[in-house]
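Read the structure below first, then the notes.
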Amino acid sequence: MFRNRGDVVFWIVLGAVLLAGFGVTQTIANEYYYTAIYAILQATIMAVAWNILGGFTGYVNFGSAAFFAIGAYTAVALDKWLGLPMPFLIAASAAVCGLMGLGVGYLTLRLKGVYFAIATLAMAIVLETLINNWDYVGAAKGVYILTPEKVPFFSSYIQLLFMVMLALTLGSIAISRYLNASRIGRGLAAIRDDEVAAECAGVPTLRLKLISTTLMGAMMGVAGAPYPFFVTFVDPISAFNLFVAVNSIAMPMIGGTAHWIGPVIGALLVGGAQEVITVTVSSELNVLIVGIMLVLFITLAPQGIVGLVQKWMKRRKR
Amino acid sequence: MSAPILKVSGVSKRFGGFTALDGIELELGASERLGLIGPNGSGKTTLINCISGALTNDAGSIVFEGQDITRLPPHRRAALGVARSFQIPKPFRSMTVLENLRVPLEYAARGRTERRRIDADALEVLELIGLKNRAHDSSAGLTQVDMRKLELARALAAKPKLLVSDEAMAGLSSSEVDEILEILLALNGRGVAVIMIEHIMRAVMGFAQRLVVLDAGRKIADGTPQDIIRNPDVERAYLGE
Ligand SMILES: Nc1ncnc2c1ncn2[C@@H]1O[C@H](COP(=O)(O)OP(=O)(O)O)[C@@H](O)[C@H]1O
Ligand SMILES: [Mg+2]
C-alpha cells in the first residue's frame, strides 16, 4: 500500500477527508448539504468507474445507467426479500453488477469502437424493459423504500448514508489509483493504445478487458446500491436516468481520462457546478451546461483538465 | 540442422477471394539467421502475422519448439518466446519510451524477468538500440526513425527465442543499419533465432545464413544467399519477365 511518498500522502489525504466528513456530520444539521454532496459523491464513483473501461482501457460505454440501476434494484429486491443490512446490499450489488459487466464484456468486447458503444446502449434499453415488467420491485410504477427514523452515531439517516457514500467514493478512488499505476494498468493502457501490439507484447487482452468491465460494473453497482435509500422512491425512469449516463461520460472527459485523478476532478467540478446551478437557476439547465462543457473540452482540450495542467507544467519546466 | 525451433507447414491465408499465402513450408533452426525477401505484396508481413498470431492461417500448422501454436493467441506465443516488430510502427502512444518496454518485460518476458530488474532491463535494451537518451520522452513524439528503433527495442524487451524483424531498417542511415545489424548479430550469438525481412539487400545478404524468397504468396526459393542471387526464378520475380 505504501510504495513511495506519494502513497503516504494519498492515504493521509484520504483519511483526512473521511475524518472531515465525520466532523461535518457532528456539526451541521441542515439536510440540504448532505443531499447535495451525496449527489456529487455518487457522480464521482460513477465517473471513476466509467473511466476504468472508458479511460484506462479505451472502450466507450454508454450503458452506465443500466449498471447503476441494476445496482439500485438489486438492493431494493434484497431489502424487500431478506431485509439485509446496508453493507450486504452493497456487496450484493457489486457482485451482481460485476457479473453483469463480465457478461456484457464477454458478449460485446469483440466489437470495436462505435459498435461497442451502441451495444452498451442497447443493453441499457433491454434491462430497463425488464425492470419495467418486474412486479416484485414495483415494475413501471416504482417502489417506496422505508428508511429507519433513528440511527446510531448520527442525528439523521441521510447523514449515515452520506458517510457510507463518502467511504465508498474514497475506496473506489483508491482502487482506480492503484490500478492506474499497476502492471494491469499498463496492460490496459497498451490495449487502449494498440490492441494488436499489446497482444504481441504478451498482454492477454481479452482477460484484461474482462477484468476492466467487471470492475467497472461492480463499482457502478456500488454507486447504485444506496440510491433507493437516499431517494426513498425508485422507478425505472429515475434509475435508468440518461443524465447519470451522460454525467459519467462527461466528467472523466472533462477532468481527463488517462490519469486516475481526472474523473475525480471532473466530478467535483461538474457535479459542484450542477448543484450551484440547480439552486440558483434550474435543474433543467444542467443537461445543457454539461453538454456545452463536454463539446468544448472534446474539441479544445481532449486530454481534459489533467492534460492542460500537464502541458502547463511542462512549459514551465523549460 | 538441429531440431528446428520453428516449423511452418502448408500455411495458407486468404483475404476474401485473394490468396495472400499459398502452402508455405518453412523450417528454422535454433539460433539460425534467416532472411525473408520478396517483392512488395508477396506476403512477407502476412506470414509474420500468422507466425506471431496477429492473424490465424486458414490452413496448415505452425510448430514452435515442438509445440503446435497454430491456435494459440498472440500473447501466449509471445510468452513462449516469439517476438516481432511491426513494419508500420505501433508504439503505445500514451506511454514514454521506457514504459513501452515495460509492457513486454512485464508480460511476454514475465517468467524470464525479475520484478525489480524491469527498469534496468528496459534501459539496457534502450542503450543497445541507441534510444536511451529518449527513455523518458513520450513515444508519440518520436521521429519515424526512432519509432522504428522503438519497434525493435520493444521486440527485444520480450526476451525472445525467435525474433522477427519486419523491415526494421527502412529509412535508417547506412551507419545506423550497421549498428542494428551488429545488435541482431550479437543477439543471435546468444542463441536467438532471427528472421529478417528487409529490402536493403546489403543488410540481408550480409546477415542471413539462408534466404527464403516469396512471390505472390508462394515460396519460390530457399537456399544460401549465393544460390539465391543466381536463381533465375528469383530474378524473374524481382525484374519481371
Ligand atoms: N488484412 C488484410 N486484408 C486484405 N488484404 C491484405 C491484408 N493484409 C495483407 N493483404 C494483402 O496481402 C498481400 C500481401 O501483403 P503483405 O503480406 O503485407 O506483403 P509484403 O509484406 O510482402 O509486402 C497484399 O496484396 C496485401 O494487399
Ligand atoms: Mg510487409
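Identifiers in this document derive from the order of the C-alpha cells: chains are assigned A, B, ..., residues are numbered from 1 separately in each chain, and ligands are numbered from 1 in order of occurrence.
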Contact set, chain A to chain B: 8 Å, only C-alpha atoms, as number ranges by chain: A: 183, 186-187, 189-190, 193-194, 196-204
Surrounding residues as a PyMOL selection string, ligand 2, max 10 Å, only C-alpha atoms and all ligand atoms: chain B and resi 37-49+86-88+166-167+197-199
One-decimal distance in Å that lies between CA of Ile158 in chain A and CA of Tyr34 in chain A: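 Between CA of Tyr34 in chain A and CA of Ile158 in chain A the gap is 6.9 Å.
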DSSP strand (DSSP E) selection over range 17-143 of chain B, as a PyMOL selection string: chain B and resi 18-29+33-37+59-64+67-68+82-84
Selected residues, N, CA and C atoms, written as a tab-separated table (two decimals), in the first residue's frame, please.
chain	number	residue	atom	x	y	z
B	18	PHE	N	-8.85	-13.41	-52.26
B	18	PHE	CA	-7.45	-13.21	-52.63
B	18	PHE	C	-6.54	-14.10	-51.78
B	19	THR	N	-5.70	-14.89	-52.43
B	19	THR	CA	-4.80	-15.77	-51.69
B	19	THR	C	-3.48	-15.06	-51.40
B	20	ALA	N	-3.25	-14.71	-50.14
B	20	ALA	CA	-2.04	-13.97	-49.78
B	20	ALA	C	-0.89	-14.92	-49.48
B	21	LEU	N	-1.20	-16.12	-48.96
B	21	LEU	CA	-0.18	-17.15	-48.71
B	21	LEU	C	-0.72	-18.47	-49.22
B	22	ASP	N	0.14	-19.22	-49.89
B	22	ASP	CA	-0.32	-20.45	-50.54
B	22	ASP	C	0.62	-21.60	-50.21
B	23	GLY	N	0.26	-22.37	-49.19
B	23	GLY	CA	1.02	-23.57	-48.85
B	23	GLY	C	2.48	-23.33	-48.51
B	24	ILE	N	2.73	-22.41	-47.61
B	24	ILE	CA	4.13	-22.09	-47.27
B	24	ILE	C	4.72	-23.17	-46.36
B	25	GLU	N	5.92	-23.63	-46.74
B	25	GLU	CA	6.70	-24.57	-45.92
B	25	GLU	C	7.96	-23.85	-45.49
B	26	LEU	N	8.26	-23.92	-44.18
B	26	LEU	CA	9.46	-23.21	-43.72
B	26	LEU	C	9.95	-23.85	-42.43
B	27	GLU	N	11.26	-24.12	-42.39
B	27	GLU	CA	11.85	-24.61	-41.15
B	27	GLU	C	12.96	-23.69	-40.75
B	28	LEU	N	13.10	-23.50	-39.44
B	28	LEU	CA	14.14	-22.60	-38.95
B	28	LEU	C	14.86	-23.30	-37.81
B	29	GLY	N	16.20	-23.37	-37.92
B	29	GLY	CA	16.97	-23.99	-36.85
B	29	GLY	C	17.09	-23.06	-35.67
B	33	ARG	N	19.95	-17.64	-38.66
B	33	ARG	CA	19.61	-16.30	-39.17
B	33	ARG	C	19.04	-16.44	-40.58
B	34	LEU	N	17.76	-16.12	-40.70
B	34	LEU	CA	17.07	-16.30	-41.97
B	34	LEU	C	16.67	-14.95	-42.55
B	35	GLY	N	16.93	-14.76	-43.83
B	35	GLY	CA	16.43	-13.57	-44.50
B	35	GLY	C	15.19	-13.93	-45.28
B	36	LEU	N	14.13	-13.11	-45.14
B	36	LEU	CA	12.89	-13.36	-45.88
B	36	LEU	C	12.71	-12.20	-46.84
B	37	ILE	N	12.79	-12.51	-48.16
B	37	ILE	CA	12.69	-11.44	-49.13
B	37	ILE	C	11.60	-11.74	-50.14
B	59	ALA	N	-5.18	-22.58	-43.37
B	59	ALA	CA	-4.78	-23.98	-43.49
B	59	ALA	C	-3.33	-24.10	-43.06
B	60	GLY	N	-2.91	-25.33	-42.70
B	60	GLY	CA	-1.54	-25.57	-42.32
B	60	GLY	C	-1.31	-25.42	-40.83
B	61	SER	N	-0.09	-25.69	-40.40
B	61	SER	CA	0.21	-25.63	-38.97
B	61	SER	C	1.52	-24.92	-38.71
B	62	ILE	N	1.64	-24.40	-37.51
B	62	ILE	CA	2.86	-23.72	-37.08
B	62	ILE	C	3.29	-24.35	-35.76
B	63	VAL	N	4.51	-24.89	-35.76
B	63	VAL	CA	5.01	-25.57	-34.56
B	63	VAL	C	6.23	-24.81	-34.07
B	64	PHE	N	6.20	-24.44	-32.78
B	64	PHE	CA	7.32	-23.70	-32.19
B	64	PHE	C	7.89	-24.53	-31.06
B	67	GLN	N	5.93	-27.49	-30.06
B	67	GLN	CA	4.55	-27.29	-29.62
B	67	GLN	C	3.74	-26.67	-30.76
B	68	ASP	N	2.56	-27.25	-31.01
B	68	ASP	CA	1.70	-26.70	-32.06
B	68	ASP	C	1.07	-25.40	-31.54
B	82	VAL	N	8.15	-15.92	-28.95
B	82	VAL	CA	8.07	-15.39	-30.31
B	82	VAL	C	7.85	-13.88	-30.21
B	83	ALA	N	8.78	-13.10	-30.75
B	83	ALA	CA	8.61	-11.64	-30.73
B	83	ALA	C	8.76	-11.11	-32.14
B	84	ARG	N	8.03	-10.03	-32.43
B	84	ARG	CA	8.12	-9.44	-33.76
B	84	ARG	C	8.04	-7.93	-33.66
Write out as a compact mmCIF listing (two decimals) with N, CA, C and O atoms, in the first residue's frame each polymer residue whose atoms come within 12 Å of Asp135 in chain A, counting only C-alpha atoms; drop sequence neighbours fewer than 4 positions from it.
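What follows is the written file around_39.txt:
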# COMPACT_ATOMS: atom_id res chain seq x y z
N TYR A 73 -31.61 -1.67 -8.00
CA TYR A 73 -32.71 -2.64 -7.92
C TYR A 73 -32.29 -3.93 -7.20
O TYR A 73 -33.13 -4.59 -6.58
N ALA A 77 -34.51 -5.24 -4.17
CA ALA A 77 -35.05 -6.60 -4.13
C ALA A 77 -34.59 -7.34 -2.88
O ALA A 77 -35.39 -7.97 -2.18
N LEU A 130 -36.94 -4.86 -18.93
CA LEU A 130 -37.07 -5.97 -17.99
C LEU A 130 -37.60 -5.49 -16.64
O LEU A 130 -38.56 -6.04 -16.09
N ILE A 131 -36.97 -4.45 -16.11
CA ILE A 131 -37.37 -3.92 -14.79
C ILE A 131 -38.79 -3.34 -14.88
O ILE A 131 -39.58 -3.47 -13.94
N ALA A 139 -42.26 -2.73 -10.79
CA ALA A 139 -42.38 -2.56 -12.24
C ALA A 139 -42.33 -1.08 -12.63
O ALA A 139 -41.58 -0.32 -12.03
N ALA A 140 -43.15 -0.67 -13.59
CA ALA A 140 -43.07 0.70 -14.09
C ALA A 140 -43.59 1.72 -13.06
O ALA A 140 -43.23 2.89 -13.11
N LYS A 141 -44.44 1.27 -12.10
CA LYS A 141 -44.99 2.19 -11.11
C LYS A 141 -43.94 2.68 -10.11
O LYS A 141 -44.12 3.72 -9.50
N GLY A 142 -42.90 1.88 -9.93
CA GLY A 142 -41.89 2.25 -8.94
C GLY A 142 -42.19 1.67 -7.58
O GLY A 142 -43.20 0.99 -7.39
N VAL A 143 -41.28 1.92 -6.63
CA VAL A 143 -41.41 1.30 -5.32
C VAL A 143 -40.92 2.27 -4.24
O VAL A 143 -39.96 3.02 -4.44
N ASP A 235 -38.18 4.40 -9.45
CA ASP A 235 -38.88 3.79 -10.57
C ASP A 235 -37.87 3.68 -11.72
O ASP A 235 -36.78 4.29 -11.66
N PRO A 236 -38.20 2.89 -12.74
CA PRO A 236 -37.23 2.67 -13.82
C PRO A 236 -36.76 3.98 -14.47
O PRO A 236 -35.60 4.12 -14.82
Spatial neighbours of Leu179 in chain A, max dist 12 Å, only C-alpha atoms, sep filter under 6 positions, as a list in words: Met1, Val48, Ala49, Asn51, Ile52, Leu53, Phe56, Thr57, Ser172, Ile173, Gly185, Arg186, Gly187, Leu188, Ala189, Leu208, Ile211, Ser212, Leu215, Met216, Ala258, His259 and Trp260 of chain A
Long-range neighbours of range 277-288 of chain A as a ChimeraX atom specification, 12 Å cut-off, only C-alpha atoms, 5 positions minimum in chain: /A:32-33,36,39,241-247,250,270-272,293-295
Set the distance at 12 Å and use only C-alpha atoms: which residues neighbour Gly6 in chain A once local chain neighbours fewer than 6 positions away are removed? I'd like the list as a short mmCIF file (atom, residue, chain, number, x, y, z; two decimals) with N, CA, C and O atoms, in the first residue's frame.
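Result file follows (out38.cif):
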data_model
loop_
_atom_site.label_atom_id
_atom_site.label_comp_id
_atom_site.auth_asym_id
_atom_site.auth_seq_id
_atom_site.Cartn_x
_atom_site.Cartn_y
_atom_site.Cartn_z
N ILE A 12 -2.97 9.72 3.61
CA ILE A 12 -3.22 10.74 4.63
C ILE A 12 -4.38 11.64 4.19
O ILE A 12 -5.30 11.92 4.97
N VAL A 13 -4.36 12.05 2.90
CA VAL A 13 -5.45 12.89 2.38
C VAL A 13 -6.78 12.15 2.49
O VAL A 13 -7.79 12.70 2.94
N ARG A 177 -6.76 4.41 -8.51
CA ARG A 177 -5.39 4.92 -8.47
C ARG A 177 -4.39 3.76 -8.46
O ARG A 177 -3.40 3.78 -9.19
N TYR A 178 -4.69 2.75 -7.67
CA TYR A 178 -3.80 1.60 -7.60
C TYR A 178 -3.71 0.91 -8.96
O TYR A 178 -2.64 0.60 -9.47
N ALA A 181 -1.54 2.62 -11.75
CA ALA A 181 -0.08 2.53 -11.69
C ALA A 181 0.42 1.09 -11.69
O ALA A 181 1.61 0.85 -11.62
#
So that I can see what lies close to Phe22 in chain A, please list as a tab-separated table (two decimals) with all heavy atoms, in the first residue's frame the residues with an atom at most 12 Å from it, counting only C-alpha atoms and leaving out residues fewer than 6 positions away in the same chain.
chain	number	residue	atom	x	y	z
A	15	GLY	N	-7.66	9.73	4.54
A	15	GLY	CA	-8.06	9.66	5.95
A	15	GLY	C	-8.59	11.00	6.43
A	15	GLY	O	-9.61	11.06	7.13
A	16	ALA	N	-7.92	12.08	6.01
A	16	ALA	CA	-8.33	13.42	6.43
A	16	ALA	C	-9.73	13.75	5.90
A	16	ALA	O	-10.56	14.31	6.63
A	16	ALA	CB	-7.32	14.45	5.95
A	28	ILE	N	-23.00	20.08	11.40
A	28	ILE	CA	-24.01	20.70	10.53
A	28	ILE	C	-25.25	19.83	10.49
A	28	ILE	O	-25.17	18.62	10.27
A	28	ILE	CB	-23.45	20.91	9.11
A	28	ILE	CG1	-22.26	21.88	9.17
A	28	ILE	CG2	-24.54	21.45	8.18
A	28	ILE	CD1	-21.56	22.08	7.86
A	34	TYR	N	-26.14	17.61	2.84
A	34	TYR	CA	-25.86	16.17	2.68
A	34	TYR	C	-26.44	15.66	1.36
A	34	TYR	O	-25.82	14.88	0.66
A	34	TYR	CB	-26.41	15.39	3.87
A	34	TYR	CG	-25.76	15.82	5.15
A	34	TYR	CD1	-26.43	16.63	6.06
A	34	TYR	CD2	-24.45	15.47	5.41
A	34	TYR	CE1	-25.81	17.07	7.21
A	34	TYR	CE2	-23.82	15.90	6.56
A	34	TYR	CZ	-24.51	16.70	7.46
A	34	TYR	OH	-23.88	17.14	8.58
A	153	PHE	N	-24.98	7.05	16.24
A	153	PHE	CA	-23.86	7.96	15.93
A	153	PHE	C	-24.25	9.21	15.15
A	153	PHE	O	-23.57	10.21	15.18
A	153	PHE	CB	-22.74	7.27	15.14
A	153	PHE	CG	-22.22	6.03	15.81
A	153	PHE	CD1	-22.32	4.79	15.20
A	153	PHE	CD2	-21.64	6.12	17.08
A	153	PHE	CE1	-21.85	3.65	15.83
A	153	PHE	CE2	-21.16	4.98	17.71
A	153	PHE	CZ	-21.26	3.74	17.08
A	154	PHE	N	-25.34	9.16	14.36
A	154	PHE	CA	-25.68	10.31	13.53
A	154	PHE	C	-27.06	10.83	13.89
A	154	PHE	O	-27.91	10.07	14.36
A	154	PHE	CB	-25.65	9.93	12.05
A	154	PHE	CG	-24.29	9.46	11.61
A	154	PHE	CD1	-24.01	8.09	11.49
A	154	PHE	CD2	-23.29	10.37	11.31
A	154	PHE	CE1	-22.77	7.66	11.09
A	154	PHE	CE2	-22.04	9.93	10.91
A	154	PHE	CZ	-21.77	8.58	10.80
A	155	SER	N	-27.28	12.12	13.63
A	155	SER	CA	-28.57	12.69	14.02
A	155	SER	C	-29.66	12.40	12.99
A	155	SER	O	-30.83	12.55	13.27
A	155	SER	CB	-28.44	14.20	14.26
A	155	SER	OG	-27.87	14.82	13.13
A	159	GLN	N	-27.45	11.48	7.04
A	159	GLN	CA	-26.04	11.68	7.41
A	159	GLN	C	-25.27	10.35	7.36
A	159	GLN	O	-24.13	10.30	6.90
A	159	GLN	CB	-25.94	12.27	8.82
A	159	GLN	CG	-26.37	13.73	8.87
A	159	GLN	CD	-26.11	14.33	10.23
A	159	GLN	OE1	-25.62	13.68	11.15
A	159	GLN	NE2	-26.47	15.60	10.37
A	160	LEU	N	-25.95	9.30	7.82
A	160	LEU	CA	-25.32	7.98	7.75
A	160	LEU	C	-25.05	7.60	6.29
A	160	LEU	O	-23.95	7.16	5.94
A	160	LEU	CB	-26.22	6.94	8.41
A	160	LEU	CG	-25.78	5.48	8.25
A	160	LEU	CD1	-24.47	5.23	8.99
A	160	LEU	CD2	-26.83	4.52	8.76
A	161	LEU	N	-26.06	7.81	5.45
A	161	LEU	CA	-25.88	7.49	4.03
A	161	LEU	C	-24.74	8.31	3.42
A	161	LEU	O	-23.96	7.80	2.62
A	161	LEU	CB	-27.17	7.80	3.26
A	161	LEU	CG	-28.19	6.69	3.13
A	161	LEU	CD1	-29.29	7.13	2.18
A	161	LEU	CD2	-27.54	5.41	2.62
A	162	PHE	N	-24.67	9.55	3.83
A	162	PHE	CA	-23.61	10.42	3.35
A	162	PHE	C	-22.24	9.85	3.71
A	162	PHE	O	-21.34	9.79	2.87
A	162	PHE	CB	-23.80	11.83	3.95
A	162	PHE	CG	-22.57	12.68	3.97
A	162	PHE	CD1	-22.15	13.36	2.84
A	162	PHE	CD2	-21.82	12.80	5.15
A	162	PHE	CE1	-21.01	14.14	2.87
A	162	PHE	CE2	-20.68	13.58	5.18
A	162	PHE	CZ	-20.27	14.25	4.04
A	163	MET	N	-22.09	9.38	4.95
A	163	MET	CA	-20.80	8.81	5.36
A	163	MET	C	-20.50	7.52	4.61
A	163	MET	O	-19.36	7.27	4.21
A	163	MET	CB	-20.79	8.54	6.88
A	163	MET	CG	-20.45	9.74	7.74
A	163	MET	SD	-18.99	10.66	7.19
A	163	MET	CE	-17.66	9.61	7.73
A	164	VAL	N	-21.52	6.69	4.42
A	164	VAL	CA	-21.35	5.45	3.65
A	164	VAL	C	-20.85	5.79	2.24
A	164	VAL	O	-19.88	5.21	1.73
A	164	VAL	CB	-22.68	4.66	3.57
A	164	VAL	CG1	-22.61	3.57	2.52
A	164	VAL	CG2	-23.01	4.07	4.93
A	165	MET	N	-21.51	6.76	1.64
A	165	MET	CA	-21.15	7.15	0.27
A	165	MET	C	-19.75	7.73	0.21
A	165	MET	O	-19.01	7.49	-0.75
A	165	MET	CB	-22.18	8.18	-0.23
A	165	MET	CG	-22.42	8.15	-1.69
A	165	MET	SD	-22.90	6.50	-2.23
A	165	MET	CE	-23.14	6.85	-3.95
A	166	LEU	N	-19.39	8.50	1.21
A	166	LEU	CA	-18.05	9.08	1.24
A	166	LEU	C	-17.00	7.97	1.30
A	166	LEU	O	-16.01	7.98	0.55
A	166	LEU	CB	-17.91	10.03	2.44
A	166	LEU	CG	-16.58	10.78	2.55
A	166	LEU	CD1	-16.36	11.65	1.31
A	166	LEU	CD2	-16.54	11.64	3.80
A	167	ALA	N	-17.23	6.98	2.16
A	167	ALA	CA	-16.28	5.88	2.28
A	167	ALA	C	-16.18	5.10	0.97
A	167	ALA	O	-15.09	4.75	0.50
A	167	ALA	CB	-16.69	4.95	3.41
CA of Ala218 in chain A to CA of Leu121 in chain A, distance in Å rounded to a single decimal: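 Taking CA of Ala218 in chain A as the start and CA of Leu121 in chain A as the end point, the length is 17.9 Å.
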Nearest to ligand 1, chosen from B:Leu163, B:Val234, B:Val213, B:Ile220, with only C-alpha atoms and all ligand atoms counted in the distances: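 Comparing B:Leu163, B:Val234, B:Val213, B:Ile220 against ligand 1, the winner is B:Val213.
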Separation of CA of Gly171 in chain B from CA of Arg148 in chain B, in Å and rounded to one decimal: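 Result for CA of Gly171 in chain B versus CA of Arg148 in chain B: 8.8 Å, one decimal.
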DSSP alpha helix (DSSP H) residues within range 43-212 of chain B, listed as an MDAnalysis selection string: chainID B and resid 44:52 74:80 97:106 118:129 144:157 174:189 201:207
